[in-house]
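Encoded as structure tokens, the structure appears first; notes follow it.
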Amino acid sequence: MIPLLLLLALGGLMHAARSFSDTGVPGAELAFGFLLLTAYFTAKIVSRLGLPKLTGYIIAGVIVGPFVLELVTTEMTGSLKIVSGTASAIIALEAGAELELARIRPVLKTLRALTVLSVLGTAAAIAGVIYAMRGTFGFLDGLDGDQTLVVCALLGIVLAAKSPAVVMALIAETRAEGPLTSTILASVVVADLCVIICYSIMSAITSAVIGGGLDVIATTLGVSWALLGSVAFGIVTGMLIGQFLRSIASGASLFAVMICVVVAEVGTRIQLDPLIVMLAAGIWLRNFARADPSTLFRDFAAAQLPVFLVFFALAGAGLHIQELWTAIVPVAIIALVRAASLFVGAKIATAVTGAPPVVTKYVWYGMVPQAGLALALALVLTKSFPSFGPEAAVILFGVVGLNECIAPILLRLMLVRSGEAGKKQGVDFAASGH
């Protein structure tokens, strides 16, 4: 009852503060503090109902965001891009550090099969259903057969993206550890790397087929720099953090957060991918650095908790409820086909490679959630292909939004049922403080 009363009080205060916005109230700071508190207290409420705290963060963003109560406006969410970028970089660093090569080597065959089927197989299934329903989508009108095919393939790749952010959050909240948890985390991280590569290639092909004046050499150099340059820069970043860990006893967590802020801000400006940069940094820290990163990530919770609360609240605030409802039928069909293809692909991959029963039974749940990468690629698509991108983005945002609302609940339930919840020592950001 108290969290609900506090939420109502916060809403009233935010409304009052908004009425004085023309007198110089700083929108970004105001939005950050308001989202932080509302996400925290909403998570308190939903956790009592047996739902993941992550769902509470997203619900808070939906309700107070620009498409429902509008206590947080689109301008405010835009001013908080640094929060989203930093959170994505932190998630990538932690996800990379979880990929201990010695531990995943025994499941490498399963991981490879899961990656192929969950990326290429799922992208093909989604592209097929969009092509089959092409008469439903106005943005495909006026395109010939080849153009329609490449656009459908491009959309399929975007929607094949997974969410290391959601997986990391729920693993932290449930304190899960074991072969299933390791396989899920490794598979979604590797899958998203493959999605980034496939999107770069398919985007170039789509531009050529539609007639966007493709420069093959420039595109090849751009993709190579974004991928190889990001990996190289990530290794250097990992070395820098490792050197700090060896040289200075305290303050490593805040130093790592500062590095994530810099990479999130500077990386995109020099055409590097912050996700790949920090993934490479995390992998280097875990497997090649002469420093133990365990202490760093154990102390990371206090430094990163506010960023993650606002990150997932912003994800909720970005869900256009009205547009989602308008396109609910095709969105639901695509989401169901995506989930079904992940289920079938995971079953085939684990059966062929002889994975443990717990992995065979539950691993596909970890591939359903979506968040940051799919939304980011949808925004890139909108800017790169103005002829069909904005209309296609409605469907993309709808599918991602539907998965954001439902998938975390299912994934948390699966982690509990698998028996791996509660086995990890320590408490991470999702469970900290509430």
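Simple scheme: letters A, B, ... for chains in structure tokens order, numbers from 1 for residues in each chain, numbers from 1 for ligands in the order shown.
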Pick out the residues sitting within 10 Å of Ala31 in chain A, and hand them over as a ChimeraX atom specification; count only C-alpha atoms, and ignore anything fewer than 2 positions along from it in its own chain. /A:14,26-29,33-36,71-73,75-77,79-80,310,314
For the selection you just gave me, I'd like the residues written to a file as an mmCIF file, in the first residue's frame, keeping N, CA, C and O atoms.
```cif
data_model
loop_
_atom_site.group_PDB
_atom_site.id
_atom_site.type_symbol
_atom_site.label_atom_id
_atom_site.label_comp_id
_atom_site.auth_asym_id
_atom_site.auth_seq_id
_atom_site.Cartn_x
_atom_site.Cartn_y
_atom_site.Cartn_z
ATOM 1 N N MET A 14 5.358 15.362 -9.932
ATOM 2 C CA MET A 14 5.885 15.507 -11.293
ATOM 3 C C MET A 14 4.982 16.411 -12.117
ATOM 4 O O MET A 14 5.460 17.258 -12.882
ATOM 5 N N PRO A 26 15.185 21.623 -15.189
ATOM 6 C CA PRO A 26 15.962 20.816 -16.133
ATOM 7 C C PRO A 26 15.254 19.516 -16.476
ATOM 8 O O PRO A 26 15.096 18.642 -15.629
ATOM 9 N N GLY A 27 14.823 19.350 -17.725
ATOM 10 C CA GLY A 27 14.022 18.198 -18.117
ATOM 11 C C GLY A 27 14.712 16.868 -17.935
ATOM 12 O O GLY A 27 14.114 15.922 -17.447
ATOM 13 N N ALA A 28 15.999 16.775 -18.316
ATOM 14 C CA ALA A 28 16.703 15.498 -18.239
ATOM 15 C C ALA A 28 16.856 15.038 -16.795
ATOM 16 O O ALA A 28 16.569 13.889 -16.456
ATOM 17 N N GLU A 29 17.307 15.941 -15.918
ATOM 18 C CA GLU A 29 17.499 15.578 -14.518
ATOM 19 C C GLU A 29 16.173 15.229 -13.858
ATOM 20 O O GLU A 29 16.081 14.274 -13.075
ATOM 21 N N GLY A 33 15.288 11.417 -12.333
ATOM 22 C CA GLY A 33 14.889 11.178 -10.946
ATOM 23 C C GLY A 33 13.493 10.601 -10.841
ATOM 24 O O GLY A 33 13.254 9.682 -10.038
ATOM 25 N N PHE A 34 12.579 11.118 -11.636
ATOM 26 C CA PHE A 34 11.197 10.632 -11.582
ATOM 27 C C PHE A 34 11.097 9.180 -12.052
ATOM 28 O O PHE A 34 10.445 8.347 -11.408
ATOM 29 N N LEU A 35 11.749 8.855 -13.173
ATOM 30 C CA LEU A 35 11.726 7.483 -13.668
ATOM 31 C C LEU A 35 12.400 6.523 -12.688
ATOM 32 O O LEU A 35 11.951 5.390 -12.491
ATOM 33 N N LEU A 36 13.481 6.979 -12.075
ATOM 34 C CA LEU A 36 14.198 6.143 -11.103
ATOM 35 C C LEU A 36 13.288 5.749 -9.944
ATOM 36 O O LEU A 36 13.189 4.572 -9.584
ATOM 37 N N LEU A 71 3.645 12.212 -18.274
ATOM 38 C CA LEU A 71 4.395 12.902 -17.233
ATOM 39 C C LEU A 71 5.856 13.035 -17.650
ATOM 40 O O LEU A 71 6.558 13.964 -17.239
ATOM 41 N N VAL A 72 6.332 12.067 -18.455
ATOM 42 C CA VAL A 72 7.649 12.144 -19.078
ATOM 43 C C VAL A 72 7.431 12.278 -20.578
ATOM 44 O O VAL A 72 6.807 11.412 -21.195
ATOM 45 N N THR A 73 7.891 13.352 -21.162
ATOM 46 C CA THR A 73 7.626 13.641 -22.563
ATOM 47 C C THR A 73 8.669 12.996 -23.479
ATOM 48 O O THR A 73 9.714 12.513 -23.026
ATOM 49 N N GLU A 75 10.549 14.591 -25.500
ATOM 50 C CA GLU A 75 11.768 15.401 -25.411
ATOM 51 C C GLU A 75 12.630 14.970 -24.227
ATOM 52 O O GLU A 75 13.858 14.921 -24.315
ATOM 53 N N MET A 76 11.979 14.644 -23.116
ATOM 54 C CA MET A 76 12.714 14.205 -21.932
ATOM 55 C C MET A 76 13.404 12.865 -22.180
ATOM 56 O O MET A 76 14.571 12.674 -21.823
ATOM 57 N N THR A 77 12.686 11.927 -22.800
ATOM 58 C CA THR A 77 13.303 10.621 -23.065
ATOM 59 C C THR A 77 14.464 10.763 -24.039
ATOM 60 O O THR A 77 15.472 10.063 -23.936
ATOM 61 N N SER A 79 16.442 13.280 -24.216
ATOM 62 C CA SER A 79 17.584 13.857 -23.496
ATOM 63 C C SER A 79 18.289 12.837 -22.616
ATOM 64 O O SER A 79 19.380 13.094 -22.103
ATOM 65 N N LEU A 80 17.674 11.651 -22.446
ATOM 66 C CA LEU A 80 18.266 10.600 -21.610
ATOM 67 C C LEU A 80 18.904 9.494 -22.442
ATOM 68 O O LEU A 80 19.096 8.386 -21.959
ATOM 69 N N VAL A 310 16.381 3.193 -14.782
ATOM 70 C CA VAL A 310 15.934 4.174 -15.764
ATOM 71 C C VAL A 310 15.991 3.600 -17.178
ATOM 72 O O VAL A 310 15.117 3.896 -18.014
ATOM 73 N N LEU A 314 12.808 3.602 -19.522
ATOM 74 C CA LEU A 314 12.820 4.274 -20.824
ATOM 75 C C LEU A 314 12.351 3.335 -21.939
ATOM 76 O O LEU A 314 11.683 3.768 -22.873
#
```
Listing only residues of range 74-170 of chain A within 12 Å of range 225-242 of chain A, what is the closest atom pair and its distance in Å (to one decimal) for each, using only C-alpha atoms, sorted by chain and residue number ascending, as a tab-separated table?
```
residue	atom	partner	partner_atom	distance
A:Ala89	CA	A:Gly234	CA	11.0
A:Ala92	CA	A:Gly234	CA	10.8
A:Leu93	CA	A:Gly238	CA	9.1
A:Glu94	CA	A:Gly238	CA	11.7
A:Gly96	CA	A:Gly238	CA	10.4
A:Ala97	CA	A:Gly238	CA	10.0
```
For the selection you just gave me, I'd like the residues written to a file as a compact mmCIF listing (two decimals), in the first residue's frame, keeping N, CA, C and O atoms.
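Full text of result-v4.txt as output:
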```txt
# COMPACT_ATOMS: atom_id res chain seq x y z
N ALA A 89 26.13 -0.43 -22.70
CA ALA A 89 27.56 -0.71 -22.60
C ALA A 89 27.88 -1.52 -21.35
O ALA A 89 28.70 -2.45 -21.39
N ALA A 92 26.75 -5.08 -21.90
CA ALA A 92 27.67 -5.78 -22.80
C ALA A 92 28.95 -6.17 -22.08
O ALA A 92 29.47 -7.28 -22.27
N LEU A 93 29.47 -5.28 -21.23
CA LEU A 93 30.69 -5.58 -20.47
C LEU A 93 30.47 -6.79 -19.55
O LEU A 93 31.29 -7.71 -19.51
N GLU A 94 29.35 -6.79 -18.84
CA GLU A 94 29.05 -7.91 -17.94
C GLU A 94 28.80 -9.20 -18.71
O GLU A 94 29.24 -10.28 -18.30
N GLY A 96 29.96 -10.02 -21.67
CA GLY A 96 31.24 -10.52 -22.18
C GLY A 96 32.06 -11.19 -21.08
O GLY A 96 32.68 -12.23 -21.31
N ALA A 97 32.01 -10.62 -19.88
CA ALA A 97 32.77 -11.18 -18.76
C ALA A 97 32.19 -12.51 -18.28
O ALA A 97 32.88 -13.26 -17.58
```
Could you list, with a cut-off of 10 Å and counting only C-alpha atoms, the residues of range 387-416 of chain A near range 125-144 of chain A, each shown with its nearest atom pair and the distance in Å rounded to one decimal, rows sorted by chain and ascending number, as CSV?
```
residue,atom,partner,partner_atom,distance
A:Ser387,CA,A:Phe139,CA,7.9
A:Phe388,CA,A:Phe139,CA,5.1
A:Gly389,CA,A:Phe139,CA,7.9
A:Pro390,CA,A:Phe139,CA,8.6
A:Glu391,CA,A:Phe139,CA,5.9
A:Ala392,CA,A:Phe139,CA,6.5
A:Ile395,CA,A:Phe137,CA,9.1
```
Neighbours of Gly318 in chain A within 12 Å (only C-alpha atoms; same-chain residues fewer than 2 positions away dropped), as a PDB file with N, CA, C and O atoms, in the first residue's frame?
```
ATOM      1  N   ILE A  58       9.431  -1.694 -16.674  1.00  0.00           N
ATOM      2  CA  ILE A  58       8.839  -1.423 -17.992  1.00  0.00           C
ATOM      3  C   ILE A  58       7.439  -0.844 -17.849  1.00  0.00           C
ATOM      4  O   ILE A  58       7.066   0.117 -18.534  1.00  0.00           O
ATOM      5  N   ILE A  59       6.634  -1.417 -16.940  1.00  0.00           N
ATOM      6  CA  ILE A  59       5.274  -0.921 -16.714  1.00  0.00           C
ATOM      7  C   ILE A  59       5.307   0.542 -16.273  1.00  0.00           C
ATOM      8  O   ILE A  59       4.503   1.367 -16.729  1.00  0.00           O
ATOM      9  N   ALA A  60       6.234   0.864 -15.377  1.00  0.00           N
ATOM     10  CA  ALA A  60       6.354   2.246 -14.909  1.00  0.00           C
ATOM     11  C   ALA A  60       6.601   3.186 -16.086  1.00  0.00           C
ATOM     12  O   ALA A  60       5.980   4.255 -16.190  1.00  0.00           O
ATOM     13  N   GLY A  61       7.512   2.791 -16.981  1.00  0.00           N
ATOM     14  CA  GLY A  61       7.807   3.628 -18.135  1.00  0.00           C
ATOM     15  C   GLY A  61       6.614   3.793 -19.062  1.00  0.00           C
ATOM     16  O   GLY A  61       6.355   4.882 -19.573  1.00  0.00           O
ATOM     17  N   VAL A  62       5.871   2.710 -19.273  1.00  0.00           N
ATOM     18  CA  VAL A  62       4.686   2.772 -20.139  1.00  0.00           C
ATOM     19  C   VAL A  62       3.662   3.758 -19.586  1.00  0.00           C
ATOM     20  O   VAL A  62       3.134   4.615 -20.300  1.00  0.00           O
ATOM     21  N   ILE A  63       3.384   3.653 -18.291  1.00  0.00           N
ATOM     22  CA  ILE A  63       2.316   4.450 -17.692  1.00  0.00           C
ATOM     23  C   ILE A  63       2.664   5.939 -17.639  1.00  0.00           C
ATOM     24  O   ILE A  63       1.839   6.796 -17.967  1.00  0.00           O
ATOM     25  N   VAL A  64       3.877   6.265 -17.232  1.00  0.00           N
ATOM     26  CA  VAL A  64       4.221   7.687 -17.082  1.00  0.00           C
ATOM     27  C   VAL A  64       4.788   8.278 -18.365  1.00  0.00           C
ATOM     28  O   VAL A  64       5.034   9.489 -18.441  1.00  0.00           O
ATOM     29  N   GLY A  65       4.988   7.440 -19.396  1.00  0.00           N
ATOM     30  CA  GLY A  65       5.622   7.878 -20.630  1.00  0.00           C
ATOM     31  C   GLY A  65       4.745   8.742 -21.503  1.00  0.00           C
ATOM     32  O   GLY A  65       3.586   9.027 -21.186  1.00  0.00           O
ATOM     33  N   PRO A  66       5.276   9.125 -22.670  1.00  0.00           N
ATOM     34  CA  PRO A  66       4.589  10.093 -23.534  1.00  0.00           C
ATOM     35  C   PRO A  66       3.321   9.585 -24.199  1.00  0.00           C
ATOM     36  O   PRO A  66       2.577  10.383 -24.765  1.00  0.00           O
ATOM     37  N   PHE A  67       3.058   8.263 -24.131  1.00  0.00           N
ATOM     38  CA  PHE A  67       1.892   7.725 -24.823  1.00  0.00           C
ATOM     39  C   PHE A  67       0.749   7.358 -23.886  1.00  0.00           C
ATOM     40  O   PHE A  67      -0.287   6.865 -24.335  1.00  0.00           O
ATOM     41  N   VAL A  68       0.922   7.596 -22.565  1.00  0.00           N
ATOM     42  CA  VAL A  68      -0.179   7.348 -21.625  1.00  0.00           C
ATOM     43  C   VAL A  68      -0.398   8.611 -20.791  1.00  0.00           C
ATOM     44  O   VAL A  68      -1.141   9.492 -21.193  1.00  0.00           O
ATOM     45  N   GLU A  70       1.891  10.918 -19.977  1.00  0.00           N
ATOM     46  CA  GLU A  70       2.738  11.989 -20.512  1.00  0.00           C
ATOM     47  C   GLU A  70       3.379  12.833 -19.403  1.00  0.00           C
ATOM     48  O   GLU A  70       3.625  14.026 -19.580  1.00  0.00           O
ATOM     49  N   VAL A  72       6.332  12.067 -18.455  1.00  0.00           N
ATOM     50  CA  VAL A  72       7.649  12.144 -19.078  1.00  0.00           C
ATOM     51  C   VAL A  72       7.431  12.278 -20.578  1.00  0.00           C
ATOM     52  O   VAL A  72       6.807  11.412 -21.195  1.00  0.00           O
ATOM     53  N   THR A  73       7.891  13.352 -21.162  1.00  0.00           N
ATOM     54  CA  THR A  73       7.626  13.641 -22.563  1.00  0.00           C
ATOM     55  C   THR A  73       8.669  12.996 -23.479  1.00  0.00           C
ATOM     56  O   THR A  73       9.714  12.513 -23.026  1.00  0.00           O
ATOM     57  N   THR A  74       8.376  13.025 -24.767  1.00  0.00           N
ATOM     58  CA  THR A  74       9.322  12.502 -25.763  1.00  0.00           C
ATOM     59  C   THR A  74      10.630  13.279 -25.728  1.00  0.00           C
ATOM     60  O   THR A  74      11.712  12.700 -25.884  1.00  0.00           O
ATOM     61  N   GLU A  75      10.549  14.591 -25.500  1.00  0.00           N
ATOM     62  CA  GLU A  75      11.768  15.401 -25.411  1.00  0.00           C
ATOM     63  C   GLU A  75      12.630  14.970 -24.227  1.00  0.00           C
ATOM     64  O   GLU A  75      13.858  14.921 -24.315  1.00  0.00           O
ATOM     65  N   MET A  76      11.979  14.644 -23.116  1.00  0.00           N
ATOM     66  CA  MET A  76      12.714  14.205 -21.932  1.00  0.00           C
ATOM     67  C   MET A  76      13.404  12.865 -22.180  1.00  0.00           C
ATOM     68  O   MET A  76      14.571  12.674 -21.823  1.00  0.00           O
ATOM     69  N   THR A  77      12.686  11.927 -22.800  1.00  0.00           N
ATOM     70  CA  THR A  77      13.303  10.621 -23.065  1.00  0.00           C
ATOM     71  C   THR A  77      14.464  10.763 -24.039  1.00  0.00           C
ATOM     72  O   THR A  77      15.472  10.063 -23.936  1.00  0.00           O
ATOM     73  N   GLY A  78      14.320  11.681 -24.988  1.00  0.00           N
ATOM     74  CA  GLY A  78      15.417  11.917 -25.924  1.00  0.00           C
ATOM     75  C   GLY A  78      16.653  12.467 -25.237  1.00  0.00           C
ATOM     76  O   GLY A  78      17.785  12.137 -25.611  1.00  0.00           O
ATOM     77  N   LEU A  80      17.674  11.651 -22.446  1.00  0.00           N
ATOM     78  CA  LEU A  80      18.266  10.600 -21.610  1.00  0.00           C
ATOM     79  C   LEU A  80      18.904   9.494 -22.442  1.00  0.00           C
ATOM     80  O   LEU A  80      19.096   8.386 -21.959  1.00  0.00           O
ATOM     81  N   LYS A  81      19.231   9.795 -23.690  1.00  0.00           N
ATOM     82  CA  LYS A  81      19.885   8.790 -24.537  1.00  0.00           C
ATOM     83  C   LYS A  81      21.193   8.298 -23.934  1.00  0.00           C
ATOM     84  O   LYS A  81      21.581   7.148 -24.110  1.00  0.00           O
ATOM     85  N   SER A  84      20.558   5.254 -21.785  1.00  0.00           N
ATOM     86  CA  SER A  84      20.360   4.022 -22.552  1.00  0.00           C
ATOM     87  C   SER A  84      21.678   3.503 -23.105  1.00  0.00           C
ATOM     88  O   SER A  84      21.962   2.305 -23.050  1.00  0.00           O
ATOM     89  N   PHE A 311      16.985   2.755 -17.472  1.00  0.00           N
ATOM     90  CA  PHE A 311      17.108   2.146 -18.794  1.00  0.00           C
ATOM     91  C   PHE A 311      15.852   1.367 -19.172  1.00  0.00           C
ATOM     92  O   PHE A 311      15.275   1.552 -20.249  1.00  0.00           O
ATOM     93  N   PHE A 312      15.397   0.484 -18.288  1.00  0.00           N
ATOM     94  CA  PHE A 312      14.226  -0.319 -18.607  1.00  0.00           C
ATOM     95  C   PHE A 312      12.939   0.502 -18.544  1.00  0.00           C
ATOM     96  O   PHE A 312      11.982   0.229 -19.282  1.00  0.00           O
ATOM     97  N   ALA A 313      12.900   1.522 -17.678  1.00  0.00           N
ATOM     98  CA  ALA A 313      11.748   2.416 -17.671  1.00  0.00           C
ATOM     99  C   ALA A 313      11.659   3.182 -18.992  1.00  0.00           C
ATOM    100  O   ALA A 313      10.563   3.374 -19.540  1.00  0.00           O
ATOM    101  N   LEU A 314      12.808   3.602 -19.522  1.00  0.00           N
ATOM    102  CA  LEU A 314      12.820   4.274 -20.824  1.00  0.00           C
ATOM    103  C   LEU A 314      12.351   3.335 -21.939  1.00  0.00           C
ATOM    104  O   LEU A 314      11.683   3.768 -22.873  1.00  0.00           O
ATOM    105  N   ALA A 315      12.732   2.058 -21.833  1.00  0.00           N
ATOM    106  CA  ALA A 315      12.257   1.083 -22.825  1.00  0.00           C
ATOM    107  C   ALA A 315      10.736   1.016 -22.802  1.00  0.00           C
ATOM    108  O   ALA A 315      10.085   0.957 -23.856  1.00  0.00           O
ATOM    109  N   GLY A 316      10.155   1.035 -21.610  1.00  0.00           N
ATOM    110  CA  GLY A 316       8.701   1.040 -21.508  1.00  0.00           C
ATOM    111  C   GLY A 316       8.090   2.321 -22.032  1.00  0.00           C
ATOM    112  O   GLY A 316       7.057   2.309 -22.705  1.00  0.00           O
ATOM    113  N   HIS A 320       4.712   2.604 -27.961  1.00  0.00           N
ATOM    114  CA  HIS A 320       3.553   3.360 -28.421  1.00  0.00           C
ATOM    115  C   HIS A 320       2.329   2.447 -28.326  1.00  0.00           C
ATOM    116  O   HIS A 320       2.048   1.666 -29.232  1.00  0.00           O
ATOM    117  N   ILE A 321       1.599   2.561 -27.223  1.00  0.00           N
ATOM    118  CA  ILE A 321       0.495   1.648 -26.947  1.00  0.00           C
ATOM    119  C   ILE A 321      -0.586   1.722 -28.017  1.00  0.00           C
ATOM    120  O   ILE A 321      -1.146   0.699 -28.449  1.00  0.00           O
ATOM    121  N   GLN A 322      -0.905   2.940 -28.476  1.00  0.00           N
ATOM    122  CA  GLN A 322      -1.959   3.082 -29.483  1.00  0.00           C
ATOM    123  C   GLN A 322      -1.591   2.394 -30.798  1.00  0.00           C
ATOM    124  O   GLN A 322      -2.406   1.676 -31.395  1.00  0.00           O
ATOM    125  N   GLU A 323      -0.356   2.614 -31.246  1.00  0.00           N
ATOM    126  CA  GLU A 323       0.075   1.974 -32.489  1.00  0.00           C
ATOM    127  C   GLU A 323       0.154   0.463 -32.338  1.00  0.00           C
ATOM    128  O   GLU A 323      -0.174  -0.287 -33.256  1.00  0.00           O
ATOM    129  N   LEU A 324       0.590   0.014 -31.161  1.00  0.00           N
ATOM    130  CA  LEU A 324       0.648  -1.419 -30.905  1.00  0.00           C
ATOM    131  C   LEU A 324      -0.737  -2.035 -30.993  1.00  0.00           C
ATOM    132  O   LEU A 324      -0.923  -3.102 -31.584  1.00  0.00           O
ATOM    133  N   ALA A 371      14.835  -6.293 -26.640  1.00  0.00           N
ATOM    134  CA  ALA A 371      14.902  -4.936 -26.073  1.00  0.00           C
ATOM    135  C   ALA A 371      15.820  -4.073 -26.921  1.00  0.00           C
ATOM    136  O   ALA A 371      15.502  -3.757 -28.063  1.00  0.00           O
ATOM    137  N   GLY A 372      16.993  -3.755 -26.385  1.00  0.00           N
ATOM    138  CA  GLY A 372      17.844  -2.709 -26.941  1.00  0.00           C
ATOM    139  C   GLY A 372      18.247  -2.846 -28.390  1.00  0.00           C
ATOM    140  O   GLY A 372      18.036  -1.934 -29.196  1.00  0.00           O
ATOM    141  N   LEU A 375      15.385  -2.550 -31.019  1.00  0.00           N
ATOM    142  CA  LEU A 375      14.907  -1.176 -31.103  1.00  0.00           C
ATOM    143  C   LEU A 375      15.929  -0.287 -31.808  1.00  0.00           C
ATOM    144  O   LEU A 375      15.564   0.564 -32.626  1.00  0.00           O
ATOM    145  N   ALA A 376      17.202  -0.486 -31.490  1.00  0.00           N
ATOM    146  CA  ALA A 376      18.248   0.313 -32.123  1.00  0.00           C
ATOM    147  C   ALA A 376      18.297   0.078 -33.633  1.00  0.00           C
ATOM    148  O   ALA A 376      18.408   1.022 -34.420  1.00  0.00           O
ATOM    149  N   LEU A 379      15.426   1.784 -35.388  1.00  0.00           N
ATOM    150  CA  LEU A 379      15.667   3.215 -35.570  1.00  0.00           C
ATOM    151  C   LEU A 379      16.646   3.467 -36.711  1.00  0.00           C
ATOM    152  O   LEU A 379      16.468   4.400 -37.510  1.00  0.00           O
ATOM    153  N   VAL A 394       6.720   0.644 -37.112  1.00  0.00           N
ATOM    154  CA  VAL A 394       5.531   0.428 -36.270  1.00  0.00           C
ATOM    155  C   VAL A 394       5.375  -1.052 -35.945  1.00  0.00           C
ATOM    156  O   VAL A 394       5.117  -1.441 -34.801  1.00  0.00           O
ATOM    157  N   PHE A 397       8.448  -2.154 -33.694  1.00  0.00           N
ATOM    158  CA  PHE A 397       8.267  -1.714 -32.306  1.00  0.00           C
ATOM    159  C   PHE A 397       7.155  -2.506 -31.626  1.00  0.00           C
ATOM    160  O   PHE A 397       7.240  -2.797 -30.428  1.00  0.00           O
ATOM    161  N   GLY A 398       6.117  -2.847 -32.396  1.00  0.00           N
ATOM    162  CA  GLY A 398       5.009  -3.603 -31.826  1.00  0.00           C
ATOM    163  C   GLY A 398       5.438  -4.988 -31.368  1.00  0.00           C
ATOM    164  O   GLY A 398       5.096  -5.424 -30.260  1.00  0.00           O
ATOM    165  N   VAL A 400       8.533  -6.030 -30.708  1.00  0.00           N
ATOM    166  CA  VAL A 400       9.468  -5.889 -29.592  1.00  0.00           C
ATOM    167  C   VAL A 400       8.720  -5.536 -28.311  1.00  0.00           C
ATOM    168  O   VAL A 400       8.990  -6.084 -27.239  1.00  0.00           O
ATOM    169  N   GLY A 401       7.745  -4.632 -28.415  1.00  0.00           N
ATOM    170  CA  GLY A 401       6.964  -4.240 -27.244  1.00  0.00           C
ATOM    171  C   GLY A 401       6.185  -5.394 -26.651  1.00  0.00           C
ATOM    172  O   GLY A 401       6.132  -5.565 -25.428  1.00  0.00           O
ATOM    173  N   GLU A 404       8.616  -7.540 -24.902  1.00  0.00           N
ATOM    174  CA  GLU A 404       9.078  -6.891 -23.678  1.00  0.00           C
ATOM    175  C   GLU A 404       8.103  -7.121 -22.523  1.00  0.00           C
ATOM    176  O   GLU A 404       8.515  -7.278 -21.374  1.00  0.00           O
TER     177      GLU A 404
END
```
Distance query range 338-342 of chain A at most 10 Å, only C-alpha atoms, self and fewer than 2 positions along chain excluded, as a ChimeraX atom specification: /A:114,117-119,121-127,129,156,159-160,332-336,344-348,363-369,399,403,407
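When only C-alpha atoms are used to compute distances to Thr174 in chain A, the closest of the residues A:Leu381, A:Leu51, A:Ala256, A:Leu296 turns out to be A:Leu51.
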Contacts of Val266 in chain A at 12 Å or less, counting only C-alpha atoms, minus same-chain residues fewer than 2 places along, as an MDAnalysis selection string? chainID A and resid 82 85:86 89 230 233 259:264 268:274 277
Run DSSP on the backbone of this structure and report the residues of range 58-138 of chain A it assigns to helix (DSSP H, G or I), as a ChimeraX atom specification. /A:58-64,74-79,81-98,101-132,134-136,138
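Going from CA of Arg112 in chain A over to CA of Ala186 in chain A, you cover 10.2 Å.
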If you count only C-alpha atoms, which residues fall within 9 Å of Ile91 in chain A, apart from same-chain ones fewer than 5 positions away, as a tab-separated table (two decimals) with all heavy atoms, in the first residue's frame?
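The result, stored in part_31.tsv:
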```
chain	number	residue	atom	x	y	z
A	86	THR	N	24.74	4.11	-21.99
A	86	THR	CA	25.60	3.64	-20.90
A	86	THR	C	25.14	2.29	-20.38
A	86	THR	O	25.95	1.39	-20.12
A	86	THR	CB	25.62	4.67	-19.75
A	86	THR	OG1	26.09	5.92	-20.25
A	86	THR	CG2	26.51	4.20	-18.62
A	96	GLY	N	29.96	-10.02	-21.67
A	96	GLY	CA	31.24	-10.52	-22.18
A	96	GLY	C	32.06	-11.19	-21.08
A	96	GLY	O	32.68	-12.23	-21.31
A	164	PRO	N	20.41	-9.60	-24.48
A	164	PRO	CA	21.29	-9.84	-23.34
A	164	PRO	C	20.91	-9.00	-22.12
A	164	PRO	O	21.11	-9.42	-20.99
A	164	PRO	CB	22.68	-9.44	-23.87
A	164	PRO	CG	22.58	-9.62	-25.36
A	164	PRO	CD	21.17	-9.24	-25.70
A	165	ALA	N	20.33	-7.81	-22.38
A	165	ALA	CA	19.94	-6.94	-21.26
A	165	ALA	C	18.91	-7.61	-20.37
A	165	ALA	O	19.04	-7.66	-19.14
A	165	ALA	CB	19.39	-5.62	-21.81
A	168	MET	N	20.43	-10.81	-18.67
A	168	MET	CA	21.31	-10.45	-17.57
A	168	MET	C	20.52	-9.96	-16.37
A	168	MET	O	20.82	-10.30	-15.22
A	168	MET	CB	22.30	-9.36	-18.02
A	168	MET	CG	23.41	-9.84	-18.92
A	168	MET	SD	24.62	-10.88	-18.08
A	168	MET	CE	25.29	-9.75	-16.89
A	169	ALA	N	19.49	-9.16	-16.62
A	169	ALA	CA	18.68	-8.62	-15.52
A	169	ALA	C	17.98	-9.73	-14.75
A	169	ALA	O	17.96	-9.75	-13.52
A	169	ALA	CB	17.65	-7.63	-16.06
A	275	LEU	N	28.24	-1.81	-28.26
A	275	LEU	CA	27.91	-3.16	-27.80
A	275	LEU	C	29.08	-4.11	-28.05
A	275	LEU	O	29.51	-4.85	-27.16
A	275	LEU	CB	26.65	-3.67	-28.50
A	275	LEU	CG	26.19	-5.09	-28.14
A	275	LEU	CD1	25.75	-5.15	-26.68
A	275	LEU	CD2	25.08	-5.54	-29.06
A	278	MET	N	32.28	-3.22	-25.82
A	278	MET	CA	32.26	-3.64	-24.42
A	278	MET	C	32.14	-5.15	-24.28
A	278	MET	O	32.62	-5.72	-23.29
A	278	MET	CB	31.13	-2.94	-23.68
A	278	MET	CG	31.27	-1.42	-23.63
A	278	MET	SD	32.94	-0.82	-23.19
A	278	MET	CE	33.11	-1.44	-21.51
A	279	LEU	N	31.54	-5.83	-25.24
A	279	LEU	CA	31.56	-7.29	-25.24
A	279	LEU	C	32.99	-7.79	-25.34
A	279	LEU	O	33.41	-8.69	-24.59
A	279	LEU	CB	30.73	-7.83	-26.41
A	279	LEU	CG	29.23	-8.00	-26.21
A	279	LEU	CD1	28.57	-8.35	-27.54
A	279	LEU	CD2	28.92	-9.06	-25.17
```
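The closest residue to Arg103 in chain A, picked from A:Lys162, A:Leu69, A:Ser182, A:Ala153 and counting only C-alpha atoms, is A:Ser182.
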Give me, please, the distance in Å between CA of Gly419 in chain A and CA of Thr110 in chain A, quoted to one decimal. 20.7 Å
